[in-house]
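Student: Have a peek at coords26.tsv (TSV, C-alpha atoms and all ligand atoms).
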```tsv
chain	number	residue	atom	x	y	z
A	1	MET	CA	-6.21	22.61	-0.99
A	2	ASP	CA	-3.83	24.76	1.06
A	3	ILE	CA	-1.09	22.45	2.29
A	4	ASN	CA	0.06	25.04	4.83
A	5	LYS	CA	-3.31	24.86	6.55
A	6	LEU	CA	-3.28	21.06	6.62
A	7	VAL	CA	0.21	20.32	7.85
A	8	ARG	CA	0.81	20.33	11.63
A	9	LYS	CA	2.32	23.58	12.90
A	10	ASN	CA	5.43	21.95	14.40
A	11	ILE	CA	6.09	20.16	11.10
A	12	ALA	CA	5.65	23.36	9.07
A	13	GLU	CA	8.16	25.09	11.32
A	14	LEU	CA	10.60	22.18	11.49
A	15	HIS	CA	14.16	22.56	10.27
A	16	PRO	CA	14.93	19.05	9.00
A	17	TYR	CA	18.20	17.25	9.71
A	18	SER	CA	20.73	18.08	7.03
A	19	CYS	CA	23.02	15.16	6.32
A	20	ALA	CA	26.39	15.20	4.59
A	21	ARG	CA	24.86	13.81	1.40
A	22	ASP	CA	22.36	16.70	1.35
A	23	GLU	CA	25.04	19.37	1.61
A	24	PHE	CA	27.31	18.07	-1.11
A	25	LYS	CA	25.75	16.52	-4.21
A	26	GLY	CA	27.78	15.43	-7.21
A	27	GLU	CA	30.91	13.46	-7.96
A	28	ALA	CA	34.19	13.79	-6.07
A	29	SER	CA	37.31	11.65	-5.73
A	30	VAL	CA	37.87	11.98	-1.98
A	31	TYR	CA	34.94	11.79	0.42
A	32	LEU	CA	35.88	12.90	3.92
A	33	ASP	CA	32.61	14.54	4.90
A	34	ALA	CA	30.47	11.83	6.50
A	35	ASN	CA	32.78	9.97	8.92
A	36	GLU	CA	32.46	6.85	6.81
A	37	ASN	CA	34.99	4.02	6.74
A	38	PRO	CA	37.07	4.17	3.51
A	39	TRP	CA	36.91	0.35	3.13
A	40	ASN	CA	34.17	-2.21	2.55
A	41	SER	CA	32.84	-0.60	-0.62
A	42	PRO	CA	30.04	-0.18	-1.63
A	43	TYR	CA	28.47	-0.62	1.81
A	44	ASN	CA	30.73	1.92	3.53
A	45	ARG	CA	28.97	4.90	1.93
A	46	TYR	CA	25.65	6.35	3.03
A	47	PRO	CA	23.03	5.82	0.32
A	48	ASP	CA	21.32	8.63	-1.61
A	49	PRO	CA	18.78	10.01	0.91
A	50	LEU	CA	16.28	10.78	-1.86
A	51	GLN	CA	16.96	7.65	-4.00
A	52	TRP	CA	16.93	9.61	-7.29
A	53	GLU	CA	18.23	6.82	-9.54
A	54	LEU	CA	15.57	4.42	-8.30
A	55	LYS	CA	12.87	7.08	-8.54
A	56	GLU	CA	13.84	7.76	-12.17
A	57	GLY	CA	13.41	4.06	-12.91
A	58	ILE	CA	10.05	3.92	-11.19
A	59	SER	CA	9.05	7.15	-12.95
A	60	ARG	CA	9.64	5.60	-16.38
A	61	LEU	CA	7.60	2.57	-15.43
A	62	LYS	CA	4.69	4.29	-13.75
A	63	GLY	CA	4.51	7.52	-15.75
A	64	VAL	CA	4.79	9.56	-12.55
A	65	ALA	CA	7.48	12.27	-12.37
A	66	ALA	CA	10.34	11.46	-9.98
A	67	GLY	CA	9.52	14.60	-7.99
A	68	ASN	CA	6.05	13.21	-7.32
A	69	ILE	CA	7.42	9.99	-5.79
A	70	PHE	CA	8.22	9.24	-2.13
A	71	LEU	CA	9.86	5.92	-1.27
A	72	GLY	CA	9.44	4.31	2.13
A	73	ASN	CA	10.33	1.25	4.20
A	74	GLY	CA	7.25	-0.55	2.87
A	75	SER	CA	3.92	1.27	2.49
A	76	ASP	CA	3.92	1.21	6.28
A	77	GLU	CA	6.31	4.16	6.34
A	78	PRO	CA	4.25	6.64	4.26
A	79	ILE	CA	1.11	5.49	6.14
A	80	ASP	CA	2.74	6.44	9.45
A	81	LEU	CA	4.35	9.63	8.09
A	82	LEU	CA	1.01	10.90	6.76
A	83	TYR	CA	-0.37	10.79	10.31
A	84	ARG	CA	2.73	12.43	11.74
A	85	ALA	CA	2.69	15.19	9.12
A	86	PHE	CA	-0.99	16.09	9.10
A	87	CYS	CA	-2.76	14.84	12.23
A	88	GLU	CA	-2.38	16.65	15.55
A	89	PRO	CA	-2.51	13.94	18.26
A	90	GLY	CA	-5.57	14.17	20.48
A	91	THR	CA	-7.25	16.74	18.22
A	92	ASP	CA	-7.44	15.66	14.60
A	93	ASN	CA	-9.21	12.64	13.15
A	94	VAL	CA	-9.22	10.50	10.02
A	95	VAL	CA	-12.02	8.65	8.22
A	96	ALA	CA	-11.61	5.18	6.73
A	97	ILE	CA	-13.69	2.51	5.09
A	98	GLU	CA	-14.48	-0.66	7.04
A	99	PRO	CA	-13.36	-3.39	6.55
A	100	THR	CA	-9.96	-2.55	5.14
A	101	TYR	CA	-6.21	-2.95	5.67
A	102	GLY	CA	-5.36	-2.97	9.38
A	103	MET	CA	-2.34	-0.66	9.35
A	104	TYR	CA	-4.36	2.55	8.94
A	105	LYS	CA	-6.04	1.92	12.29
A	106	VAL	CA	-2.87	0.75	14.05
A	107	CYS	CA	-0.98	3.88	12.97
A	108	ALA	CA	-3.91	6.04	14.10
A	109	GLY	CA	-3.63	4.41	17.51
A	110	ILE	CA	0.14	4.85	17.70
A	111	ASN	CA	-0.23	8.53	16.82
A	112	ASN	CA	-3.22	9.09	19.14
A	113	VAL	CA	-5.46	10.15	16.26
A	114	GLU	CA	-9.19	9.39	16.28
A	115	TYR	CA	-10.06	6.77	13.64
A	116	ARG	CA	-13.62	7.06	12.29
A	117	THR	CA	-15.02	4.30	10.10
A	118	VAL	CA	-17.81	4.04	7.56
A	119	GLY	CA	-18.98	0.54	6.65
A	120	LEU	CA	-18.88	-0.54	3.02
A	121	ASN	CA	-22.25	-1.35	1.45
A	122	ASP	CA	-23.45	-4.86	0.59
A	123	ARG	CA	-21.34	-4.79	-2.61
A	124	PHE	CA	-18.31	-3.85	-0.46
A	125	ASP	CA	-18.38	-0.44	-2.18
A	126	ILE	CA	-18.30	3.16	-0.99
A	127	ASP	CA	-20.77	6.00	-0.90
A	128	ALA	CA	-18.89	9.31	-1.06
A	129	ASP	CA	-21.67	11.17	0.77
A	130	ALA	CA	-21.63	8.72	3.68
A	131	LEU	CA	-17.88	9.21	4.09
A	132	LEU	CA	-18.13	13.02	3.82
A	133	LYS	CA	-20.92	13.07	6.39
A	134	VAL	CA	-18.65	11.83	9.20
A	135	CYS	CA	-15.91	14.35	8.32
A	136	ASP	CA	-15.57	17.58	10.30
A	137	ALA	CA	-13.12	20.51	10.45
A	138	ASN	CA	-10.53	18.27	12.14
A	139	THR	CA	-10.66	15.46	9.57
A	140	LYS	CA	-7.29	15.53	7.82
A	141	LEU	CA	-7.15	12.22	5.94
A	142	ILE	CA	-9.58	9.82	4.27
A	143	TRP	CA	-8.25	6.26	3.80
A	144	LEU	CA	-9.39	4.30	0.75
A	145	CYS	CA	-8.02	1.03	-0.55
A	146	SER	CA	-8.77	-0.15	-4.09
A	147	PRO	CA	-8.70	-3.05	-4.81
A	148	ASN	CA	-9.59	-3.35	-1.15
A	149	ASN	CA	-8.06	-5.76	1.33
A	150	PRO	CA	-9.64	-8.09	2.52
A	151	THR	CA	-12.68	-7.83	0.22
A	152	GLY	CA	-10.74	-7.94	-3.09
A	153	ASN	CA	-13.01	-5.62	-5.12
A	154	SER	CA	-12.18	-2.26	-6.65
A	155	LEU	CA	-14.08	0.74	-5.31
A	156	ASP	CA	-16.36	2.73	-7.60
A	157	ALA	CA	-14.15	5.21	-9.50
A	158	GLN	CA	-16.84	7.89	-9.76
A	159	GLN	CA	-17.33	7.87	-5.99
A	160	ILE	CA	-13.55	8.16	-5.49
A	161	HIS	CA	-13.48	11.18	-7.83
A	162	ARG	CA	-16.34	12.82	-5.92
A	163	LEU	CA	-14.59	12.28	-2.60
A	164	ILE	CA	-11.32	13.78	-3.79
A	165	GLN	CA	-13.16	16.75	-5.28
A	166	GLN	CA	-15.35	17.48	-2.27
A	167	PHE	CA	-13.04	16.70	0.66
A	168	SER	CA	-10.88	19.60	1.81
A	169	GLY	CA	-8.22	17.33	3.34
A	170	ILE	CA	-6.10	14.56	1.79
A	171	VAL	CA	-7.53	11.41	0.24
A	172	VAL	CA	-5.12	8.46	0.49
A	173	LEU	CA	-5.82	5.76	-2.06
A	174	ASP	CA	-3.94	2.52	-1.38
A	175	GLU	CA	-3.37	0.69	-4.68
A	176	ALA	CA	-1.23	-2.16	-3.31
A	177	TYR	CA	-3.09	-4.60	-5.61
A	178	ILE	CA	-3.52	-2.38	-8.70
A	179	ASP	CA	-1.28	-4.62	-10.86
A	180	PHE	CA	-3.86	-7.41	-10.58
A	181	SER	CA	-6.77	-5.18	-11.55
A	182	GLU	CA	-8.25	-4.29	-14.91
A	183	HIS	CA	-9.06	-0.84	-13.59
A	184	GLU	CA	-6.67	2.03	-14.21
A	185	SER	CA	-4.54	3.51	-11.46
A	186	PHE	CA	-5.53	6.95	-10.21
A	187	ALA	CA	-1.91	7.99	-10.84
A	188	ALA	CA	-3.17	9.56	-14.08
A	189	TYR	CA	-5.09	12.14	-11.99
A	190	LEU	CA	-2.20	13.37	-9.84
A	191	GLN	CA	-1.92	16.56	-11.92
A	192	ARG	CA	-5.59	17.31	-11.45
A	193	TYR	CA	-5.82	16.50	-7.72
A	194	THR	CA	-3.29	18.11	-5.39
A	195	ASN	CA	-4.96	16.44	-2.36
A	196	LEU	CA	-4.54	12.86	-3.59
A	197	VAL	CA	-1.91	10.44	-2.27
A	198	ILE	CA	-1.58	7.07	-4.02
A	199	LEU	CA	0.20	4.19	-2.29
A	200	GLN	CA	1.76	1.32	-4.21
A	201	THR	CA	4.25	-1.32	-3.13
A	202	PHE	CA	6.93	-3.76	-4.24
A	203	SER	CA	5.50	-6.32	-1.80
A	204	LYS	CA	2.79	-7.96	-3.94
A	205	ALA	CA	2.95	-8.15	-7.77
A	206	TRP	CA	6.64	-7.26	-7.68
A	207	GLY	CA	7.42	-10.25	-5.46
A	208	SER	CA	9.63	-8.27	-3.08
A	209	ALA	CA	7.94	-8.09	0.31
A	210	ALA	CA	11.29	-8.83	1.98
A	211	ILE	CA	13.15	-5.78	0.66
A	212	ARG	CA	10.56	-3.40	2.22
A	213	LEU	CA	9.88	-0.84	-0.47
A	214	GLY	CA	6.67	1.16	-0.67
A	215	MET	CA	5.81	4.12	-2.88
A	216	ALA	CA	3.67	7.19	-2.39
A	217	PHE	CA	2.71	9.29	-5.42
A	218	ALA	CA	1.45	12.83	-4.78
A	219	ASP	CA	1.75	16.53	-5.50
A	220	THR	CA	5.28	17.84	-4.85
A	221	ALA	CA	4.04	19.89	-1.87
A	222	ILE	CA	2.98	16.67	-0.09
A	223	ILE	CA	6.13	14.79	-1.17
A	224	GLN	CA	8.27	17.59	0.28
A	225	VAL	CA	6.51	17.32	3.64
A	226	LEU	CA	7.11	13.56	3.76
A	227	ASN	CA	10.77	14.01	2.78
A	228	LYS	CA	11.17	16.58	5.52
A	229	ILE	CA	10.15	14.20	8.31
A	230	LYS	CA	11.45	10.81	7.13
A	231	TYR	CA	14.61	9.23	8.53
A	232	PRO	CA	17.47	10.65	6.41
A	233	TYR	CA	18.54	7.30	4.91
A	234	ASN	CA	15.24	5.44	5.04
A	235	ILE	CA	15.91	3.17	2.04
A	236	ASN	CA	19.12	1.19	2.42
A	237	ILE	CA	21.47	0.48	-0.49
A	238	LEU	CA	20.63	-3.25	-0.68
A	239	THR	CA	16.97	-2.41	-1.22
A	240	GLN	CA	17.74	0.33	-3.76
A	241	LYS	CA	20.02	-1.96	-5.78
A	242	GLN	CA	17.64	-4.91	-5.66
A	243	ALA	CA	14.72	-2.74	-6.77
A	244	LEU	CA	16.74	-1.33	-9.69
A	245	LYS	CA	17.54	-4.88	-10.75
A	246	LEU	CA	13.90	-5.81	-10.59
A	247	LEU	CA	12.88	-2.86	-12.77
A	248	GLU	CA	15.02	-4.40	-15.50
A	249	GLN	CA	13.09	-7.66	-15.15
A	250	GLU	CA	9.74	-6.09	-15.86
A	251	LYS	CA	8.93	-9.01	-18.20
A	252	SER	CA	9.21	-11.59	-15.42
A	253	VAL	CA	6.92	-9.50	-13.27
A	254	SER	CA	4.22	-9.27	-15.93
A	255	ASN	CA	4.61	-13.00	-16.48
A	256	TRP	CA	4.01	-13.64	-12.75
A	257	ILE	CA	0.93	-11.44	-12.93
A	258	ASP	CA	-0.42	-13.32	-15.99
A	259	VAL	CA	-0.01	-16.68	-14.27
A	260	LEU	CA	-1.58	-15.42	-11.03
A	261	LEU	CA	-4.59	-14.00	-12.89
A	262	LYS	CA	-5.16	-17.32	-14.67
A	263	GLN	CA	-4.76	-19.12	-11.35
A	264	ARG	CA	-7.25	-16.75	-9.75
A	265	SER	CA	-9.96	-17.82	-12.19
A	266	TRP	CA	-8.91	-21.48	-11.87
A	267	LEU	CA	-9.27	-21.18	-8.08
A	268	ARG	CA	-12.62	-19.44	-8.42
A	269	ASP	CA	-13.96	-22.29	-10.60
A	270	ALA	CA	-12.58	-24.97	-8.28
A	271	LEU	CA	-13.96	-23.27	-5.15
A	272	SER	CA	-17.40	-22.92	-6.74
A	273	GLU	CA	-17.66	-26.70	-6.85
A	274	LEU	CA	-17.38	-27.04	-3.07
A	275	SER	CA	-20.86	-27.18	-1.54
A	276	TYR	CA	-19.82	-25.57	1.76
A	277	VAL	CA	-18.46	-22.50	-0.05
A	278	LYS	CA	-21.47	-20.19	0.14
A	279	GLN	CA	-20.04	-17.18	-1.63
A	280	ILE	CA	-16.98	-16.26	-3.69
A	281	TYR	CA	-16.59	-12.51	-3.80
A	282	PRO	CA	-15.34	-10.75	-6.96
A	283	SER	CA	-11.60	-10.07	-6.85
A	284	ASP	CA	-9.34	-7.61	-8.64
A	285	ALA	CA	-6.44	-8.67	-6.40
A	286	ASN	CA	-4.15	-11.68	-5.88
A	287	PHE	CA	-6.49	-13.16	-3.28
A	288	ILE	CA	-10.06	-14.35	-3.08
A	289	LEU	CA	-12.46	-13.81	-0.19
A	290	ILE	CA	-14.95	-16.63	0.33
A	291	LYS	CA	-17.79	-17.22	2.76
A	292	VAL	CA	-18.15	-20.72	4.17
A	293	ASP	CA	-20.41	-22.57	6.63
A	294	ASP	CA	-17.80	-22.73	9.40
A	295	ALA	CA	-14.76	-20.52	8.80
A	296	ASN	CA	-13.01	-21.41	12.07
A	297	ALA	CA	-13.36	-25.16	11.45
A	298	LEU	CA	-12.06	-24.86	7.88
A	299	TYR	CA	-9.18	-22.65	8.99
A	300	HIS	CA	-8.02	-25.11	11.67
A	301	PHE	CA	-8.53	-28.08	9.34
A	302	LEU	CA	-6.19	-26.46	6.79
A	303	VAL	CA	-3.63	-25.43	9.43
A	304	GLY	CA	-3.55	-29.06	10.60
A	305	ARG	CA	-2.52	-30.02	7.07
A	306	GLY	CA	0.16	-27.35	6.75
A	307	ILE	CA	-1.89	-24.89	4.68
A	308	ILE	CA	-2.25	-21.36	6.04
A	309	VAL	CA	-5.00	-19.06	4.81
A	310	ARG	CA	-6.28	-15.90	6.53
A	311	ASN	CA	-9.25	-16.30	8.80
A	312	ARG	CA	-11.31	-13.10	8.48
A	313	ASN	CA	-14.26	-14.47	10.45
A	314	THR	CA	-14.09	-11.71	13.10
A	315	VAL	CA	-13.70	-8.82	10.63
A	316	SER	CA	-16.83	-6.66	10.27
A	317	LEU	CA	-19.03	-7.61	7.26
A	318	CYS	CA	-16.81	-10.69	6.82
A	319	LEU	CA	-18.57	-13.15	9.14
A	320	GLY	CA	-17.73	-16.68	7.97
A	321	CYS	CA	-15.04	-15.44	5.60
A	322	ILE	CA	-11.64	-16.82	4.69
A	323	ARG	CA	-9.13	-14.90	2.57
A	324	ILE	CA	-7.07	-17.07	0.23
A	325	THR	CA	-3.93	-15.76	-1.48
A	326	VAL	CA	-3.53	-17.02	-5.06
A	327	GLY	CA	-0.37	-19.13	-5.01
A	328	SER	CA	1.54	-21.15	-7.58
A	329	PRO	CA	-0.41	-23.75	-9.61
A	330	GLU	CA	1.03	-26.49	-7.36
A	331	GLU	CA	0.06	-24.68	-4.15
A	332	ASN	CA	-3.44	-23.95	-5.39
A	333	LYS	CA	-3.96	-27.59	-6.35
A	334	ILE	CA	-2.85	-28.77	-2.89
A	335	LEU	CA	-5.28	-26.29	-1.34
A	336	ILE	CA	-8.24	-27.45	-3.44
A	337	ASP	CA	-7.45	-31.16	-2.97
A	338	THR	CA	-7.34	-30.60	0.79
A	339	MET	CA	-10.51	-28.50	0.80
A	340	LYS	CA	-12.31	-31.33	-1.01
A	341	ILE	CA	-11.52	-33.64	1.93
A	342	PHE	CA	-13.00	-31.08	4.37
A	343	GLY	CA	-16.24	-31.05	2.41
B	401	LIG	C1	0.02	-5.85	1.53
B	401	LIG	C2	-0.52	-4.47	1.58
B	401	LIG	C3	0.35	-3.37	1.59
B	401	LIG	C4	1.83	-3.56	1.55
B	401	LIG	O1	2.46	-3.00	2.61
B	401	LIG	P1	4.06	-2.95	2.58
B	401	LIG	O2	4.38	-2.25	3.85
B	401	LIG	O3	4.42	-2.16	1.35
B	401	LIG	O4	4.55	-4.36	2.51
B	401	LIG	C5	-0.19	-2.10	1.60
B	401	LIG	N1	-1.51	-1.92	1.58
B	401	LIG	C6	-2.37	-2.95	1.56
B	401	LIG	C7	-3.81	-2.70	1.51
B	401	LIG	C8	-1.90	-4.25	1.58
B	401	LIG	O5	-2.77	-5.28	1.58
```
Please lay out the structure from this file as structure tokens.
Tutor:
Amino acid sequence: MDINKLVRKNIAELHPYSCARDEFKGEASVYLDANENPWNSPYNRYPDPLQWELKEGISRLKGVAAGNIFLGNGSDEPIDLLYRAFCEPGTDNVVAIEPTYGMYKVCAGINNVEYRTVGLNDRFDIDADALLKVCDANTKLIWLCSPNNPTGNSLDAQQIHRLIQQFSGIVVLDEAYIDFSEHESFAAYLQRYTNLVILQTFSKAWGSAAIRLGMAFADTAIIQVLNKIKYPYNINILTQKQALKLLEQEKSVSNWIDVLLKQRSWLRDALSELSYVKQIYPSDANFILIKVDDANALYHFLVGRGIIVRNRNTVSLCLGCIRITVGSPEENKILIDTMKIFG
């Protein structure tokens, strides 16, 4: 892959904003370079624009070099930046699986980039050839999500490998739910594949949706393009500090995951005893997709009792489907007790 051929011309030629913290790096005793207020420490100082301390922590945890990590305001930021870096509005296109996470399509719309979809098969899986068939010379990105939202399953690893190998653009693999899966992350293949971008997030297993911290792992050439076009201080100091604290509590996080995985199988068993639940799809994530007789009726019944699930009835291939997040043992019990009344 030749990154210079993929990146938009205006981005390749762009001289990025150079902030005070870019020009001087290191320790000093008097900082008079950034028009900051000398009081109200530590919030008076601009944060590290490239978040190196946090990236080093994430690097140790994930086994990905800090230089191969981009941090964003949620995964939403790298999703949007990938369009802005590689897709010429009105000309280029992307290819995505269907159904999947809604943000890929929304960001395509915002950036005026054609969004082509290929339906998953009856096992909610992909066929690399079918995806490649709808690609043309203007296809810059392929969007994959594994485990996939809202279906919950992991995509076939061999098909993912084939796609990355045969596609001449960038394959984005969203692993937001990888911590709940028995399958390995594709992060191990970053050295081999320079056209692979992996997305992970602090929003799910790490219990930190509110701090807005998403990660992209990729070849340094791609990371440098994203760094070039991001807002200079895109991760604020509160988020950086909170994330560093969380990295030290890795044990609590794996404990949460253990409990959620046990609860996922408890929920699966409990749901299978409800006669109106027609199908419980396999899940490698912290949610379960089920098919029921009347999804709208069940959804409104639960809302009326203060329980909110996600109605996916209108999503393609998900007719009659409800997506249920695995909650605490107490929450899951309330859900099942209430669902028994509906039956
Ligand atoms: C929840 C989710 C995310 C997380 O997005 P953030 O912006 O990091 O909160 C990303 N991708 C998928 C598929 C998700 O379901």
Student: Which is closer to ligand LIG 401 (chain B) than all the others in A:Asn311, A:Thr139, A:Thr325, A:Gln191, using only C-alpha atoms and all ligand atoms?
Tutor: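 Smallest separation from ligand LIG 401 (chain B) among the options: A:Thr325.
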Student: Could you tell me which of A:Ala65, A:Met339, A:Ala137, A:Leu238 comes closest to Tyr43 in chain A if we count only C-alpha atoms?
Tutor: A:Leu238
Student: Looking at all atoms listed in the file, which of A:Leu335, A:Ile58, A:Val134, A:Cys145 is the one that sits closest to ligand LIG 401 (chain B)?
Tutor: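 Of A:Leu335, A:Ile58, A:Val134, A:Cys145, the one nearest ligand LIG 401 (chain B), counting all atoms listed in the file, is A:Cys145.
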Student: CA of Gly152 in chain A and CA of Ala270 in chain A, how far apart in Å?
Tutor: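 About the pair CA of Ala270 in chain A and CA of Gly152 in chain A: they are 17.9 Å apart.
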Student: List every protein, DNA or RNA residue that has at least one atom no more than 12 Å from (-22.9, -22.7, -2.1) in the file's coordinates, counting only C-alpha atoms, and write the result as a PyMOL selection string.
Tutor: chain A and resi 271-280+290-293+343
Student: Please save C-alpha atoms of the selected residues as a PDB file, keeping the file's coordinate frame.
Tutor:
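So the final result, stored in out.pdb, reads:
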```
ATOM      1  CA  LEU A 271     -13.960 -23.270  -5.150  1.00  0.00           C
ATOM      2  CA  SER A 272     -17.400 -22.920  -6.740  1.00  0.00           C
ATOM      3  CA  GLU A 273     -17.660 -26.700  -6.850  1.00  0.00           C
ATOM      4  CA  LEU A 274     -17.380 -27.040  -3.070  1.00  0.00           C
ATOM      5  CA  SER A 275     -20.860 -27.180  -1.540  1.00  0.00           C
ATOM      6  CA  TYR A 276     -19.820 -25.570   1.760  1.00  0.00           C
ATOM      7  CA  VAL A 277     -18.460 -22.500  -0.050  1.00  0.00           C
ATOM      8  CA  LYS A 278     -21.470 -20.190   0.140  1.00  0.00           C
ATOM      9  CA  GLN A 279     -20.040 -17.180  -1.630  1.00  0.00           C
ATOM     10  CA  ILE A 280     -16.980 -16.260  -3.690  1.00  0.00           C
ATOM     11  CA  ILE A 290     -14.950 -16.630   0.330  1.00  0.00           C
ATOM     12  CA  LYS A 291     -17.790 -17.220   2.760  1.00  0.00           C
ATOM     13  CA  VAL A 292     -18.150 -20.720   4.170  1.00  0.00           C
ATOM     14  CA  ASP A 293     -20.410 -22.570   6.630  1.00  0.00           C
ATOM     15  CA  GLY A 343     -16.240 -31.050   2.410  1.00  0.00           C
TER      16      GLY A 343
END
```
Student: If we count only C-alpha atoms, what is near range 115-126 of chain A at a cut-off of 10 Å, once residues fewer than 3 positions away on the same chain are taken out, given as a PyMOL selection string?
Tutor: chain A and resi 92-100+104-109+112+129-135+139+141-144+146+148+151-157+159-160+163+281-282+316-317
Student: Take the residues that were just selected and, keeping C-alpha atoms, output them as a PDB file, in the frame of the given file.
Tutor:
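Result saved to result05.pdb:
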```
ATOM      1  CA  ASP A  92      -7.440  15.660  14.600  1.00  0.00           C
ATOM      2  CA  ASN A  93      -9.210  12.640  13.150  1.00  0.00           C
ATOM      3  CA  VAL A  94      -9.220  10.500  10.020  1.00  0.00           C
ATOM      4  CA  VAL A  95     -12.020   8.650   8.220  1.00  0.00           C
ATOM      5  CA  ALA A  96     -11.610   5.180   6.730  1.00  0.00           C
ATOM      6  CA  ILE A  97     -13.690   2.510   5.090  1.00  0.00           C
ATOM      7  CA  GLU A  98     -14.480  -0.660   7.040  1.00  0.00           C
ATOM      8  CA  PRO A  99     -13.360  -3.390   6.550  1.00  0.00           C
ATOM      9  CA  THR A 100      -9.960  -2.550   5.140  1.00  0.00           C
ATOM     10  CA  TYR A 104      -4.360   2.550   8.940  1.00  0.00           C
ATOM     11  CA  LYS A 105      -6.040   1.920  12.290  1.00  0.00           C
ATOM     12  CA  VAL A 106      -2.870   0.750  14.050  1.00  0.00           C
ATOM     13  CA  CYS A 107      -0.980   3.880  12.970  1.00  0.00           C
ATOM     14  CA  ALA A 108      -3.910   6.040  14.100  1.00  0.00           C
ATOM     15  CA  GLY A 109      -3.630   4.410  17.510  1.00  0.00           C
ATOM     16  CA  ASN A 112      -3.220   9.090  19.140  1.00  0.00           C
ATOM     17  CA  ASP A 129     -21.670  11.170   0.770  1.00  0.00           C
ATOM     18  CA  ALA A 130     -21.630   8.720   3.680  1.00  0.00           C
ATOM     19  CA  LEU A 131     -17.880   9.210   4.090  1.00  0.00           C
ATOM     20  CA  LEU A 132     -18.130  13.020   3.820  1.00  0.00           C
ATOM     21  CA  LYS A 133     -20.920  13.070   6.390  1.00  0.00           C
ATOM     22  CA  VAL A 134     -18.650  11.830   9.200  1.00  0.00           C
ATOM     23  CA  CYS A 135     -15.910  14.350   8.320  1.00  0.00           C
ATOM     24  CA  THR A 139     -10.660  15.460   9.570  1.00  0.00           C
ATOM     25  CA  LEU A 141      -7.150  12.220   5.940  1.00  0.00           C
ATOM     26  CA  ILE A 142      -9.580   9.820   4.270  1.00  0.00           C
ATOM     27  CA  TRP A 143      -8.250   6.260   3.800  1.00  0.00           C
ATOM     28  CA  LEU A 144      -9.390   4.300   0.750  1.00  0.00           C
ATOM     29  CA  SER A 146      -8.770  -0.150  -4.090  1.00  0.00           C
ATOM     30  CA  ASN A 148      -9.590  -3.350  -1.150  1.00  0.00           C
ATOM     31  CA  THR A 151     -12.680  -7.830   0.220  1.00  0.00           C
ATOM     32  CA  GLY A 152     -10.740  -7.940  -3.090  1.00  0.00           C
ATOM     33  CA  ASN A 153     -13.010  -5.620  -5.120  1.00  0.00           C
ATOM     34  CA  SER A 154     -12.180  -2.260  -6.650  1.00  0.00           C
ATOM     35  CA  LEU A 155     -14.080   0.740  -5.310  1.00  0.00           C
ATOM     36  CA  ASP A 156     -16.360   2.730  -7.600  1.00  0.00           C
ATOM     37  CA  ALA A 157     -14.150   5.210  -9.500  1.00  0.00           C
ATOM     38  CA  GLN A 159     -17.330   7.870  -5.990  1.00  0.00           C
ATOM     39  CA  ILE A 160     -13.550   8.160  -5.490  1.00  0.00           C
ATOM     40  CA  LEU A 163     -14.590  12.280  -2.600  1.00  0.00           C
ATOM     41  CA  TYR A 281     -16.590 -12.510  -3.800  1.00  0.00           C
ATOM     42  CA  PRO A 282     -15.340 -10.750  -6.960  1.00  0.00           C
ATOM     43  CA  SER A 316     -16.830  -6.660  10.270  1.00  0.00           C
ATOM     44  CA  LEU A 317     -19.030  -7.610   7.260  1.00  0.00           C
TER      45      LEU A 317
END
```
Student: Put the listed atoms of ligand LIG 401 (chain B) in a box along x, y and z with 6 Å added on every side and give me the centre and edge lengths in Å to one decimal, as AutoDock Vina command-line options.
Tutor:
```
--center_x 0.4 --center_y -3.9 --center_z 2.6 --size_x 20.4 --size_y 15.9 --size_z 14.5
```
Student: If we count only C-alpha atoms and set the cut-off at 7 Å, which residues sit around Tyr101 in chain A, ignoring sequence neighbours fewer than 2 positions away in its own chain? Please answer as a PyMOL selection string.
Tutor: chain A and resi 103-104+149-150
Student: Place a sphere of radius 6 Å on (-8.2, -17.4, 2.1) in the file coordinates and name every protein, DNA or RNA residue with an atom inside or on its surface, counting all atoms listed in the file; give the answer as a short mmCIF file (atom, residue, chain, number, x, y, z; two decimals) with C-alpha atoms, keeping the file's coordinate frame.
Tutor:
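As written to disk, selection05.cif reads:
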```cif
data_model
loop_
_atom_site.label_atom_id
_atom_site.label_comp_id
_atom_site.auth_asym_id
_atom_site.auth_seq_id
_atom_site.Cartn_x
_atom_site.Cartn_y
_atom_site.Cartn_z
CA VAL A 309 -5.00 -19.06 4.81
CA ARG A 310 -6.28 -15.90 6.53
CA ILE A 322 -11.64 -16.82 4.69
CA ARG A 323 -9.13 -14.90 2.57
CA ILE A 324 -7.07 -17.07 0.23
CA THR A 325 -3.93 -15.76 -1.48
#
```
Student: Determine the nearest neighbour of Val64 in chain A from the options A:Phe217, A:Tyr31, A:Tyr46, A:Phe186, counting only C-alpha atoms.
Tutor: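 Smallest separation from Val64 in chain A among the options: A:Phe217.
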Student: For CA of Gln200 in chain A and CA of Ser181 in chain A, quote the distance in Å rounded to one decimal.
Tutor: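 The value is 13.0 Å.
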Student: Env of Val225 in chain A: 10 Å cut, atoms = only C-alpha atoms, seq-sep filter 2 positions within chain, self excluded. Answer as a PyMOL selection string.
Tutor: chain A and resi 3+7+11-12+81-82+85-86+220-223+227-230
Student: With only C-alpha atoms and all ligand atoms as the basis for distance, which of A:Asp337, A:Asp2, A:Glu184, A:Glu77 is at the shortest distance from ligand LIG 401 (chain B)?
Tutor: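 The answer is A:Glu77, which sits nearest to ligand LIG 401 (chain B).
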Student: As an exercise, work out the distance from CA of Ser59 in chain A to CA of Ile235 in chain A in Å and give it to one decimal place.
Tutor: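 Going from CA of Ser59 in chain A over to CA of Ile235 in chain A, I get 17.0 Å.
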